[in-house]
>>> print(open('data.cif').read())   # mmCIF, C-alpha atoms
data_protein
loop_
_atom_site.label_atom_id
_atom_site.label_comp_id
_atom_site.auth_asym_id
_atom_site.auth_seq_id
_atom_site.Cartn_x
_atom_site.Cartn_y
_atom_site.Cartn_z
CA MET A 1004 30.09 57.75 -86.47
CA VAL A 1005 29.66 54.15 -85.39
CA VAL A 1006 29.35 51.17 -87.67
CA LEU A 1007 28.15 47.99 -86.03
CA ALA A 1008 28.14 44.61 -87.73
CA CYS A 1009 26.30 41.90 -85.78
CA VAL A 1010 26.78 38.50 -87.36
CA GLY A 1011 25.62 35.12 -86.05
CA GLY A 1012 23.92 34.20 -82.79
CA LEU A 1013 21.48 37.09 -82.92
CA ALA A 1014 18.35 35.00 -83.02
CA ALA A 1015 19.52 32.96 -80.05
CA ARG A 1016 20.34 36.07 -78.04
CA ALA A 1017 16.98 37.60 -78.89
CA ALA A 1018 15.21 34.41 -77.83
CA LEU A 1019 16.93 34.60 -74.45
CA GLY A 1020 15.92 38.20 -74.01
CA PHE A 1021 19.36 39.68 -74.54
CA PRO A 1022 19.70 42.88 -76.61
CA ALA A 1023 22.15 41.18 -78.96
CA CYS A 1024 23.43 44.20 -80.86
CA ARG A 1025 23.87 46.21 -77.68
CA LEU A 1026 26.11 43.50 -76.25
CA VAL A 1027 28.20 43.57 -79.41
CA LEU A 1028 28.33 47.35 -79.30
CA GLU A 1029 29.51 47.39 -75.70
CA ARG A 1030 32.16 44.82 -76.49
CA ALA A 1031 33.28 46.78 -79.55
CA PHE A 1032 33.89 49.87 -77.47
CA SER A 1033 35.29 48.28 -74.32
CA LEU A 1034 37.57 45.70 -75.92
CA HIS A 1035 37.96 46.41 -79.62
CA LYS A 1036 37.69 50.13 -80.16
CA ALA A 1037 40.45 50.10 -82.76
CA HIS A 1038 38.72 47.22 -84.55
CA SER A 1039 35.42 49.16 -84.50
CA ILE A 1040 37.09 52.13 -86.19
CA LYS A 1041 38.52 49.80 -88.81
CA VAL A 1042 35.07 48.28 -89.44
CA MET A 1043 33.72 51.80 -89.84
CA GLU A 1044 36.28 52.71 -92.48
CA ASN A 1045 35.84 49.36 -94.20
CA THR A 1046 32.13 50.03 -94.58
CA PHE A 1047 32.84 53.40 -96.19
CA GLN A 1048 35.23 51.64 -98.53
CA LEU A 1049 32.49 49.21 -99.52
CA VAL A 1050 30.29 52.18 -100.45
CA ARG A 1051 33.13 53.63 -102.49
CA ASN A 1052 33.51 50.28 -104.25
CA ILE A 1053 29.96 50.35 -105.65
CA ILE A 1054 30.16 53.89 -107.08
CA PRO A 1055 30.57 53.76 -110.86
CA PRO A 1056 33.44 55.85 -112.20
CA LEU A 1057 32.74 58.92 -114.27
CA THR A 1058 33.89 58.45 -117.85
CA THR A 1059 33.24 59.89 -121.29
CA LYS A 1060 32.47 56.41 -122.63
CA LYS A 1061 29.04 56.09 -121.01
CA TYR A 1062 25.64 56.80 -122.54
CA LYS A 1063 22.76 58.70 -120.96
CA GLY A 1064 20.89 56.58 -118.49
CA GLN A 1065 23.64 54.09 -117.79
CA ASP A 1066 24.31 55.40 -114.27
CA GLY A 1067 20.69 55.24 -113.22
CA ARG A 1068 17.13 55.81 -114.29
CA ILE A 1069 15.08 56.25 -111.14
CA GLY A 1070 11.30 56.44 -110.77
CA VAL A 1071 9.53 58.16 -107.86
CA VAL A 1072 5.93 57.08 -107.25
CA GLY A 1073 4.11 59.74 -105.24
CA GLY A 1074 2.76 63.24 -105.32
CA CYS A 1075 -0.85 64.29 -104.85
CA GLN A 1076 -2.74 67.57 -104.61
CA GLU A 1077 -1.63 68.21 -101.03
CA TYR A 1078 1.96 66.96 -101.24
CA THR A 1079 4.18 68.03 -104.11
CA GLY A 1080 7.45 68.85 -102.35
CA ALA A 1081 8.29 65.31 -101.21
CA PRO A 1082 8.42 63.65 -104.66
CA TYR A 1083 10.43 66.60 -105.96
CA PHE A 1084 12.96 66.29 -103.13
CA ALA A 1085 13.33 62.55 -103.72
CA ALA A 1086 13.65 62.85 -107.50
CA ILE A 1087 16.06 65.80 -107.52
CA SER A 1088 18.21 64.12 -104.84
CA ALA A 1089 18.56 61.08 -107.11
CA LEU A 1090 19.95 63.36 -109.82
CA LYS A 1091 22.28 65.15 -107.42
CA VAL A 1092 23.74 61.83 -106.27
CA GLY A 1093 24.46 60.79 -109.83
CA ALA A 1094 21.43 59.25 -111.54
CA ASP A 1095 21.13 60.32 -115.18
CA LEU A 1096 17.33 60.45 -115.37
CA SER A 1097 14.66 60.91 -112.73
CA HIS A 1098 10.94 60.27 -113.31
CA VAL A 1099 8.01 61.23 -111.09
CA PHE A 1100 4.72 59.32 -111.39
CA CYS A 1101 2.17 61.52 -109.64
CA ALA A 1102 -1.48 62.54 -109.57
CA LYS A 1103 -2.67 64.81 -112.36
CA GLU A 1104 -3.11 67.91 -110.18
CA ALA A 1105 0.38 67.55 -108.72
CA ALA A 1106 2.17 67.34 -112.06
CA PRO A 1107 2.22 71.04 -113.10
CA VAL A 1108 3.44 72.02 -109.65
CA ILE A 1109 6.25 69.47 -109.60
CA LYS A 1110 7.25 70.43 -113.15
CA SER A 1111 7.49 74.05 -112.04
CA TYR A 1112 10.06 73.15 -109.39
CA SER A 1113 12.62 71.91 -111.90
CA PRO A 1114 13.01 71.26 -115.62
CA GLU A 1115 15.34 68.36 -114.77
CA LEU A 1116 12.54 65.95 -113.87
CA ILE A 1117 10.37 63.84 -116.17
CA VAL A 1118 6.86 64.09 -114.74
CA HIS A 1119 4.03 61.67 -115.55
CA PRO A 1120 0.53 62.77 -114.39
CA VAL A 1121 -0.88 59.24 -114.27
CA LEU A 1122 -1.08 58.05 -110.67
CA ASP A 1123 -4.80 58.78 -110.24
CA SER A 1124 -5.70 57.54 -113.72
CA PRO A 1125 -7.92 54.45 -114.17
CA HIS A 1126 -5.02 53.03 -116.17
CA ALA A 1127 -2.28 54.03 -113.72
CA VAL A 1128 -0.83 50.56 -113.25
CA ARG A 1129 -0.68 49.94 -116.98
CA ASP A 1130 0.83 53.39 -117.64
CA VAL A 1131 3.58 52.99 -115.03
CA GLU A 1132 4.21 49.37 -115.98
CA ALA A 1133 5.01 50.50 -119.51
CA TRP A 1134 7.96 52.49 -118.10
CA LEU A 1135 9.29 49.81 -115.76
CA PRO A 1136 11.61 48.19 -118.35
CA ARG A 1137 13.42 51.53 -118.61
CA LEU A 1138 13.87 52.05 -114.85
CA HIS A 1139 16.56 50.71 -112.55
CA ALA A 1140 14.80 51.39 -109.22
CA LEU A 1141 11.57 52.78 -107.80
CA VAL A 1142 11.07 55.03 -104.78
CA VAL A 1143 7.50 54.57 -103.58
CA GLY A 1144 5.70 56.84 -101.13
CA PRO A 1145 7.00 60.44 -101.07
CA GLY A 1146 3.94 62.72 -101.14
CA LEU A 1147 1.65 59.78 -101.85
CA GLY A 1148 -1.06 60.60 -99.34
CA ARG A 1149 -3.73 58.11 -98.32
CA ASP A 1150 -6.35 58.46 -101.01
CA ASP A 1151 -7.88 55.02 -101.66
CA VAL A 1152 -7.56 55.31 -105.44
CA LEU A 1153 -3.85 56.19 -105.27
CA LEU A 1154 -3.12 53.46 -102.75
CA GLU A 1155 -4.90 50.84 -104.83
CA ASN A 1156 -2.89 51.88 -107.88
CA VAL A 1157 0.34 51.70 -105.91
CA LYS A 1158 -0.49 48.13 -104.90
CA GLY A 1159 -0.64 47.19 -108.57
CA ILE A 1160 2.58 49.07 -109.31
CA LEU A 1161 4.37 47.21 -106.52
CA GLU A 1162 3.17 43.87 -107.83
CA ALA A 1163 4.32 44.76 -111.36
CA SER A 1164 7.71 45.91 -110.04
CA LYS A 1165 8.23 42.70 -108.09
CA ALA A 1166 7.36 40.65 -111.16
CA ARG A 1167 10.15 42.40 -113.05
CA GLY A 1168 12.63 42.20 -110.16
CA ILE A 1169 12.96 45.98 -109.84
CA PRO A 1170 14.44 47.25 -106.55
CA VAL A 1171 11.95 49.26 -104.52
CA VAL A 1172 12.58 51.83 -101.78
CA ILE A 1173 9.44 52.41 -99.69
CA ASP A 1174 9.00 55.54 -97.57
CA ALA A 1175 6.34 57.82 -96.06
CA ASP A 1176 2.75 56.81 -96.89
CA GLY A 1177 4.11 53.87 -98.85
CA LEU A 1178 5.03 52.50 -95.42
CA TRP A 1179 1.50 53.19 -94.17
CA LEU A 1180 0.23 51.05 -97.04
CA ILE A 1181 2.68 48.26 -96.15
CA ALA A 1182 1.54 48.36 -92.51
CA GLN A 1183 -2.03 47.76 -93.74
CA GLN A 1184 -0.94 44.93 -96.05
CA PRO A 1185 2.53 43.55 -95.25
CA SER A 1186 2.07 40.74 -97.78
CA LEU A 1187 2.70 43.32 -100.52
CA ILE A 1188 6.45 43.11 -99.91
CA GLN A 1189 6.77 39.99 -97.75
CA GLY A 1190 9.90 38.14 -98.79
CA TYR A 1191 10.86 40.57 -101.58
CA ARG A 1192 14.57 40.89 -100.91
CA LYS A 1193 15.00 43.83 -103.30
CA ALA A 1194 12.80 46.05 -101.13
CA VAL A 1195 14.25 48.60 -98.68
CA LEU A 1196 11.98 50.20 -96.08
CA THR A 1197 12.91 53.56 -94.52
CA PRO A 1198 10.60 54.19 -91.53
CA ASN A 1199 11.04 56.87 -88.90
CA TYR A 1200 10.30 55.92 -85.28
CA VAL A 1201 6.52 56.30 -85.50
CA GLU A 1202 6.33 54.49 -88.84
CA PHE A 1203 8.57 51.74 -87.52
CA CYS A 1204 6.41 51.16 -84.42
CA ARG A 1205 3.28 50.98 -86.58
CA LEU A 1206 4.90 48.50 -88.96
CA TYR A 1207 6.40 46.42 -86.14
CA GLU A 1208 3.06 46.03 -84.40
CA ALA A 1209 1.28 45.22 -87.67
CA VAL A 1210 3.74 42.46 -88.57
CA LEU A 1211 4.79 41.02 -85.21
CA ARG A 1212 1.52 41.68 -83.35
CA ASP A 1213 3.44 43.01 -80.40
CA PRO A 1214 4.60 46.47 -79.26
CA MET A 1215 8.17 47.33 -80.11
CA ASP A 1216 10.65 46.89 -77.27
CA SER A 1217 12.20 50.36 -77.00
CA ARG A 1218 14.94 48.94 -74.76
CA ASP A 1219 16.43 47.06 -77.69
CA PRO A 1220 15.99 49.16 -80.85
CA ASP A 1221 18.73 47.34 -82.75
CA GLY A 1222 17.19 43.97 -82.04
CA ALA A 1223 13.74 45.28 -82.98
CA VAL A 1224 14.95 46.24 -86.46
CA LEU A 1225 16.58 42.84 -86.82
CA ARG A 1226 13.39 41.02 -85.80
CA LEU A 1227 11.14 43.03 -88.09
CA SER A 1228 13.47 42.38 -91.01
CA GLN A 1229 13.40 38.67 -90.30
CA ALA A 1230 9.62 38.64 -89.96
CA LEU A 1231 9.28 40.28 -93.37
CA GLY A 1232 11.56 37.75 -95.04
CA ASN A 1233 14.92 39.48 -94.53
CA LEU A 1234 14.09 42.75 -96.23
CA THR A 1235 16.51 45.61 -95.64
CA ILE A 1236 15.12 48.14 -93.15
CA ILE A 1237 16.46 51.53 -92.09
CA GLN A 1238 14.97 52.86 -88.87
CA LYS A 1239 15.72 56.57 -89.06
CA GLY A 1240 16.42 58.47 -85.88
CA GLU A 1241 19.19 59.86 -83.70
CA ARG A 1242 21.05 56.78 -84.95
CA ASP A 1243 20.04 55.14 -88.20
CA VAL A 1244 19.73 51.40 -87.52
CA ILE A 1245 19.96 49.22 -90.62
CA SER A 1246 19.33 45.49 -90.86
CA ASP A 1247 18.68 42.76 -93.40
CA GLY A 1248 17.79 40.19 -90.74
CA ASP A 1249 21.32 38.77 -90.70
CA GLN A 1250 23.44 41.82 -89.94
CA VAL A 1251 22.93 45.19 -88.27
CA LEU A 1252 24.70 48.42 -89.17
CA VAL A 1253 24.37 51.61 -87.18
CA CYS A 1254 25.09 54.97 -88.79
CA SER A 1255 25.73 57.77 -86.32
CA GLN A 1256 27.35 60.16 -88.75
CA GLU A 1257 26.97 63.67 -87.36
CA GLY A 1258 23.91 65.41 -88.79
CA SER A 1259 22.22 68.56 -87.59
CA ARG A 1260 19.95 69.70 -84.79
CA ARG A 1261 17.41 70.99 -87.31
CA ARG A 1262 14.62 68.53 -88.09
CA CYS A 1263 12.90 70.20 -91.03
CA GLY A 1264 10.55 68.21 -93.23
CA GLY A 1265 11.91 66.62 -96.38
CA GLN A 1266 15.12 65.06 -95.10
CA GLY A 1267 13.66 61.57 -95.43
CA ASP A 1268 12.85 62.31 -99.07
CA LEU A 1269 16.49 63.17 -99.70
CA LEU A 1270 17.41 59.84 -98.11
CA SER A 1271 14.95 57.80 -100.16
CA GLY A 1272 15.92 59.45 -103.45
CA SER A 1273 19.64 59.00 -102.91
CA LEU A 1274 19.02 55.44 -101.71
CA GLY A 1275 17.26 54.57 -104.96
CA VAL A 1276 20.43 55.40 -106.88
CA LEU A 1277 22.80 53.66 -104.47
CA VAL A 1278 20.64 50.52 -104.47
CA HIS A 1279 20.94 50.35 -108.25
CA TRP A 1280 24.70 50.86 -108.11
CA ALA A 1281 25.13 48.30 -105.32
CA LEU A 1282 23.15 45.57 -107.08
CA LEU A 1283 24.97 46.28 -110.34
CA ALA A 1284 28.34 46.02 -108.57
CA GLY A 1285 27.35 42.79 -106.80
CA SER A 1286 28.53 41.15 -103.61
CA GLU A 1287 32.08 40.75 -104.94
CA LYS A 1288 32.47 44.54 -104.69
CA THR A 1289 30.93 44.58 -101.19
CA ASP A 1290 33.18 41.84 -99.81
CA GLY A 1291 30.23 39.48 -99.40
CA VAL A 1292 28.12 41.97 -97.45
CA ASN A 1293 24.54 42.35 -98.68
CA PRO A 1294 24.78 45.12 -101.33
CA LEU A 1295 21.54 46.66 -100.08
CA LEU A 1296 23.05 47.09 -96.60
CA VAL A 1297 25.99 48.91 -98.14
CA ALA A 1298 23.67 51.14 -100.20
CA ALA A 1299 21.55 51.89 -97.13
CA PHE A 1300 24.55 52.86 -95.05
CA GLY A 1301 25.85 55.09 -97.83
CA ALA A 1302 22.51 56.90 -98.19
CA CYS A 1303 22.23 57.44 -94.44
CA ALA A 1304 25.76 58.82 -94.16
CA LEU A 1305 25.26 61.07 -97.17
CA THR A 1306 21.97 62.49 -95.85
CA ARG A 1307 23.53 63.20 -92.47
CA GLN A 1308 26.61 64.83 -93.98
CA SER A 1309 24.46 67.02 -96.24
CA SER A 1310 22.39 68.03 -93.24
CA SER A 1311 25.48 68.83 -91.19
CA GLN A 1312 26.99 71.02 -93.91
CA ALA A 1313 23.73 72.89 -94.49
CA PHE A 1314 23.23 73.44 -90.77
CA GLN A 1315 26.72 74.88 -90.43
CA LYS A 1316 25.78 77.49 -93.02
CA TYR A 1317 22.17 78.28 -92.13
CA GLY A 1318 21.55 77.08 -88.60
CA ARG A 1319 17.94 77.38 -87.51
CA SER A 1320 16.80 78.59 -90.93
CA MET A 1321 18.10 75.49 -92.73
CA THR A 1322 15.64 73.71 -95.03
CA THR A 1323 15.86 70.59 -97.15
CA THR A 1324 16.51 72.74 -100.22
CA ASP A 1325 19.72 73.87 -98.50
CA MET A 1326 20.63 70.24 -97.85
CA ILE A 1327 20.15 69.27 -101.49
CA ALA A 1328 22.55 72.03 -102.49
CA GLU A 1329 25.17 70.31 -100.29
CA VAL A 1330 24.75 66.79 -101.69
CA GLY A 1331 27.59 67.10 -104.21
CA ALA A 1332 30.11 68.40 -101.72
CA ALA A 1333 28.99 65.90 -99.09
CA PHE A 1334 29.34 63.04 -101.58
CA ARG A 1335 32.88 64.09 -102.48
CA LYS A 1336 33.86 64.45 -98.84
CA LEU A 1337 32.59 61.01 -97.84
CA PHE A 1338 33.23 58.89 -100.90
CA GLU A 1339 35.70 60.57 -103.24
CA THR A 1340 38.47 61.87 -100.96
#
>>> encode(input="data.cif", output="structure tokens")
Amino acid sequence: MVVLACVGGLAARAALGFPACRLVLERAFSLHKAHSIKVMENTFQLVRNIIPPLTTKKYKGQDGRIGVVGGCQEYTGAPYFAAISALKVGADLSHVFCAKEAAPVIKSYSPELIVHPVLDSPHAVRDVEAWLPRLHALVVGPGLGRDDVLLENVKGILEASKARGIPVVIDADGLWLIAQQPSLIQGYRKAVLTPNYVEFCRLYEAVLRDPMDSRDPDGAVLRLSQALGNLTIIQKGERDVISDGDQVLVCSQEGSRRRCGGQGDLLSGSLGVLVHWALLAGSEKTDGVNPLLVAAFGACALTRQSSSQAFQKYGRSMTTTDMIAEVGAAFRKLFET
């Protein structure tokens, strides 16, 4: 695993055409390998710092009430994966706000989830808004689809969430919506975007009006974050590149060679919980590093570790369900030992 922190001078390097983060990476390995390893371990320690301790003195809901906005007739697995992953990481309650036809299916997957069949209702925004005071974070996009009615309702839900200052993780077709209308989250520093390569390229071109420079992927994530008002962005891939426009982290935790669908949903669901924990802990627990960067790194490492453990057991037949079963053990290995 490699952790890369790029601080200061990045904009100037980018303006001169230099791949800023790559230069820092090369220097870290050629001159300061021991320092790089220390930075890596320090970042893991920052994740450990934001994790609330388990104690008998807490009440239900205190460690996280997470809402997942998504789920339509065609896509019911994604919101389930995101919502159940939030519970496996340590949230106390997990809600799914989905279309009416998706609700019975999602309920059948698990009795652990609270399912609201309201997303295609004429009063969807009002119905979800009524729950927002009880939620610590929203995950928007898993299984959303591109139906105009659902997308229009999600726009209203995002506006209502921003008005209340609720952290928002945006994935899947939620990112497609943002690419159509970047102003929906422009400048909202409590938003975290989790695009894969294709989604990132689409979003980059929509915002910066220029094709992404594949020669400098780290710098591209940095520039897109800056253009969106320093939102936190995770570009998922062989390496997960994370930036808030000021710093860049790279997570290369070993994962698996199996690329089954649903892994991004596990990431977004676990990220919703870690974002809540990180913001609750504050920058004093993250040594001044943006808490959302710390949460993003933790979610990426956890997803990769869960994938690695599941792949070791099941190989080619591994599915995301197998990964979810590994979340607890992966969490203990990375953050509690």
>>> residues_near_point(input="data.cif", point="(27.1, 48.1, -98.9)", cutoff="12 Å", atoms="only C-alpha atoms", output="short mmCIF file (atom, residue, chain, number, x, y, z; two decimals) with C-alpha atoms, in the frame of the given file")
data_model
loop_
_atom_site.label_atom_id
_atom_site.label_comp_id
_atom_site.auth_asym_id
_atom_site.auth_seq_id
_atom_site.Cartn_x
_atom_site.Cartn_y
_atom_site.Cartn_z
CA VAL A 1006 29.35 51.17 -87.67
CA ALA A 1008 28.14 44.61 -87.73
CA MET A 1043 33.72 51.80 -89.84
CA ASN A 1045 35.84 49.36 -94.20
CA THR A 1046 32.13 50.03 -94.58
CA PHE A 1047 32.84 53.40 -96.19
CA GLN A 1048 35.23 51.64 -98.53
CA LEU A 1049 32.49 49.21 -99.52
CA VAL A 1050 30.29 52.18 -100.45
CA ARG A 1051 33.13 53.63 -102.49
CA ASN A 1052 33.51 50.28 -104.25
CA ILE A 1053 29.96 50.35 -105.65
CA ILE A 1054 30.16 53.89 -107.08
CA THR A 1235 16.51 45.61 -95.64
CA ILE A 1245 19.96 49.22 -90.62
CA SER A 1246 19.33 45.49 -90.86
CA ASP A 1247 18.68 42.76 -93.40
CA GLN A 1250 23.44 41.82 -89.94
CA VAL A 1251 22.93 45.19 -88.27
CA LEU A 1252 24.70 48.42 -89.17
CA LEU A 1274 19.02 55.44 -101.71
CA LEU A 1277 22.80 53.66 -104.47
CA VAL A 1278 20.64 50.52 -104.47
CA HIS A 1279 20.94 50.35 -108.25
CA TRP A 1280 24.70 50.86 -108.11
CA ALA A 1281 25.13 48.30 -105.32
CA LEU A 1282 23.15 45.57 -107.08
CA LEU A 1283 24.97 46.28 -110.34
CA ALA A 1284 28.34 46.02 -108.57
CA GLY A 1285 27.35 42.79 -106.80
CA SER A 1286 28.53 41.15 -103.61
CA GLU A 1287 32.08 40.75 -104.94
CA LYS A 1288 32.47 44.54 -104.69
CA THR A 1289 30.93 44.58 -101.19
CA ASP A 1290 33.18 41.84 -99.81
CA GLY A 1291 30.23 39.48 -99.40
CA VAL A 1292 28.12 41.97 -97.45
CA ASN A 1293 24.54 42.35 -98.68
CA PRO A 1294 24.78 45.12 -101.33
CA LEU A 1295 21.54 46.66 -100.08
CA LEU A 1296 23.05 47.09 -96.60
CA VAL A 1297 25.99 48.91 -98.14
CA ALA A 1298 23.67 51.14 -100.20
CA ALA A 1299 21.55 51.89 -97.13
CA PHE A 1300 24.55 52.86 -95.05
CA GLY A 1301 25.85 55.09 -97.83
CA ALA A 1302 22.51 56.90 -98.19
CA CYS A 1303 22.23 57.44 -94.44
CA ALA A 1304 25.76 58.82 -94.16
#
>>> residues_near_point(input="data.cif", point="(10.6, 55.6, -88.7)", cutoff="10 Å", atoms="all atoms listed in the file", output="PyMOL selection string")
chain A and resi 1174-1175+1178+1196-1206+1236-1240+1243+1267
>>> atom_distance(input="data.cif", atom1="atom CA of A:Ile1160", atom2="atom CA of A:Val1142")
11.3 Å
>>> residues_around(input="data.cif", residues="A:Gly1146", least_positions_apart="4", cutoff="8 Å", atoms="all atoms listed in the file", output="VMD selection string")
chain A and resid 1073 to 1075 1077 to 1082 1175 to 1176
>>> write_last_selection(input="data.cif", atoms="C-alpha atoms", output="PDB file, keeping the file's coordinate frame")
ATOM      1  CA  GLY A1073       4.110  59.740-105.240  1.00  0.00           C
ATOM      2  CA  GLY A1074       2.760  63.240-105.320  1.00  0.00           C
ATOM      3  CA  CYS A1075      -0.850  64.290-104.850  1.00  0.00           C
ATOM      4  CA  GLU A1077      -1.630  68.210-101.030  1.00  0.00           C
ATOM      5  CA  TYR A1078       1.960  66.960-101.240  1.00  0.00           C
ATOM      6  CA  THR A1079       4.180  68.030-104.110  1.00  0.00           C
ATOM      7  CA  GLY A1080       7.450  68.850-102.350  1.00  0.00           C
ATOM      8  CA  ALA A1081       8.290  65.310-101.210  1.00  0.00           C
ATOM      9  CA  PRO A1082       8.420  63.650-104.660  1.00  0.00           C
ATOM     10  CA  ALA A1175       6.340  57.820 -96.060  1.00  0.00           C
ATOM     11  CA  ASP A1176       2.750  56.810 -96.890  1.00  0.00           C
TER      12      ASP A1176
END
>>> axis_aligned_box(input="data.cif", around="stretch 1316-1321 of chain A", padding_each_side="5 Å", output="AutoDock Vina command-line options")
--center_x 21.3 --center_y 77.0 --center_z -90.3 --size_x 19.0 --size_y 13.1 --size_z 15.5
>>> atom_distance(input="data.cif", atom1="atom CA of A:Phe1100", atom2="atom CA of A:Leu1234")
24.3 Å
>>> resolve_selection(input="data.cif", expression="the PyMOL selection byres ((chain A and resi 1131) around 10)", output="short mmCIF file (atom, residue, chain, number, x, y, z; two decimals) with C-alpha atoms, in the coordinates of the input")
data_model
loop_
_atom_site.label_atom_id
_atom_site.label_comp_id
_atom_site.auth_asym_id
_atom_site.auth_seq_id
_atom_site.Cartn_x
_atom_site.Cartn_y
_atom_site.Cartn_z
CA GLY A 1070 11.30 56.44 -110.77
CA VAL A 1072 5.93 57.08 -107.25
CA PHE A 1100 4.72 59.32 -111.39
CA HIS A 1119 4.03 61.67 -115.55
CA VAL A 1121 -0.88 59.24 -114.27
CA LEU A 1122 -1.08 58.05 -110.67
CA HIS A 1126 -5.02 53.03 -116.17
CA ALA A 1127 -2.28 54.03 -113.72
CA VAL A 1128 -0.83 50.56 -113.25
CA ARG A 1129 -0.68 49.94 -116.98
CA ASP A 1130 0.83 53.39 -117.64
CA GLU A 1132 4.21 49.37 -115.98
CA ALA A 1133 5.01 50.50 -119.51
CA TRP A 1134 7.96 52.49 -118.10
CA LEU A 1135 9.29 49.81 -115.76
CA PRO A 1136 11.61 48.19 -118.35
CA ASN A 1156 -2.89 51.88 -107.88
CA VAL A 1157 0.34 51.70 -105.91
CA GLY A 1159 -0.64 47.19 -108.57
CA ILE A 1160 2.58 49.07 -109.31
CA ALA A 1163 4.32 44.76 -111.36
CA SER A 1164 7.71 45.91 -110.04
#
>>> atom_distance(input="data.cif", atom1="atom CA of A:Ala1105", atom2="atom CA of A:Tyr1083")
10.5 Å
>>> resolve_selection(input="data.cif", expression="the PyMOL selection byres ((chain A and resi 1272) around 7)", output="MDAnalysis selection string")
chainID A and resid 1085:1086 1088:1089 1142 1268:1271 1273:1276
>>> resolve_selection(input="data.cif", expression="the PyMOL selection byres ((chain A and resi 1191) around 10)", output="list in words")
Lys1165, Gly1168, Pro1170, Val1171, Ser1186, Leu1187, Ile1188, Gln1189, Gly1190, Arg1192, Lys1193, Ala1194, Val1195, Leu1231, Gly1232, Asn1233, Leu1234 and Thr1235 of chain A
>>> closest_residue(input="data.cif", among="A:Arg1261, A:Lys1091, A:Lys1158, A:Arg1068", to="A:Ile1181", atoms="all atoms listed in the file")
A:Lys1158
>>> residues_around(input="data.cif", residues="A:Pro1214", least_positions_apart="2", cutoff="12 Å", atoms="all atoms listed in the file", output="list in words")
Val1201, Phe1203, Cys1204, Arg1205, Leu1206, Tyr1207, Glu1208, Ala1209, Val1210, Leu1211, Arg1212, Asp1216, Ser1217, Arg1218, Asp1219, Pro1220, Ala1223 and Leu1227 of chain A
>>> closest_residue(input="data.cif", among="A:Leu1161, A:Gln1183, A:Gly1093, A:Gln1256", to="A:Val1330", atoms="only C-alpha atoms")
A:Gly1093
>>> residues_around(input="data.cif", residues="stretch 1111-1116 of chain A", least_positions_apart="2", cutoff="9 Å", atoms="all atoms listed in the file", output="MDAnalysis selection string")
chainID A and resid 1080 1083 1086:1087 1090 1096:1099 1106:1109 1118
>>> residues_around(input="data.cif", residues="A:Arg1260", least_positions_apart="2", cutoff="9 Å", atoms="only C-alpha atoms", output="VMD selection string")
chain A and resid 1258 1262 1310 to 1311 1314 1318 to 1319
>>> write_last_selection(input="data.cif", atoms="C-alpha atoms", output="PDB file, in the coordinates of the input")
ATOM      1  CA  GLY A1258      23.910  65.410 -88.790  1.00  0.00           C
ATOM      2  CA  ARG A1262      14.620  68.530 -88.090  1.00  0.00           C
ATOM      3  CA  SER A1310      22.390  68.030 -93.240  1.00  0.00           C
ATOM      4  CA  SER A1311      25.480  68.830 -91.190  1.00  0.00           C
ATOM      5  CA  PHE A1314      23.230  73.440 -90.770  1.00  0.00           C
ATOM      6  CA  GLY A1318      21.550  77.080 -88.600  1.00  0.00           C
ATOM      7  CA  ARG A1319      17.940  77.380 -87.510  1.00  0.00           C
TER       8      ARG A1319
END
>>> closest_residue(input="data.cif", among="A:Asp1095, A:Gly1067, A:Phe1084, A:Arg1167", to="A:Thr1322", atoms="only C-alpha atoms")
A:Phe1084
>>> closest_residue(input="data.cif", among="A:Met1215, A:Leu1337, A:Val1244, A:Ile1173", to="A:Gln1308", atoms="all atoms listed in the file")
A:Leu1337
>>> closest_residue(input="data.cif", among="A:Met1321, A:Gly1248, A:Gly1177, A:Ala1313", to="A:Ala1230", atoms="all atoms listed in the file")
A:Gly1248
>>> decode(input="data.cif", residues="stretch 1287-1292 of chain A", atoms="N, CA, C and O atoms", output="compact mmCIF listing (two decimals), in the first residue's frame")
# COMPACT_ATOMS: atom_id res chain seq x y z
N GLU A 1287 -9.01 17.80 15.09
CA GLU A 1287 -8.04 17.56 16.16
C GLU A 1287 -7.69 16.09 16.26
O GLU A 1287 -6.58 15.73 16.65
N LYS A 1288 -8.62 15.21 15.90
CA LYS A 1288 -8.34 13.77 15.91
C LYS A 1288 -7.64 13.31 14.63
O LYS A 1288 -7.12 12.20 14.57
N THR A 1289 -7.64 14.15 13.60
CA THR A 1289 -7.00 13.78 12.33
C THR A 1289 -5.73 14.59 12.10
O THR A 1289 -5.24 14.68 10.97
N ASP A 1290 -5.22 15.18 13.18
CA ASP A 1290 -3.94 15.90 13.12
C ASP A 1290 -3.97 17.01 12.08
O ASP A 1290 -2.98 17.27 11.40
N GLY A 1291 -5.13 17.66 11.94
CA GLY A 1291 -5.25 18.78 11.00
C GLY A 1291 -5.56 18.39 9.58
O GLY A 1291 -5.85 19.25 8.74
N VAL A 1292 -5.51 17.10 9.27
CA VAL A 1292 -5.86 16.62 7.93
C VAL A 1292 -7.38 16.68 7.77
O VAL A 1292 -8.12 16.42 8.73
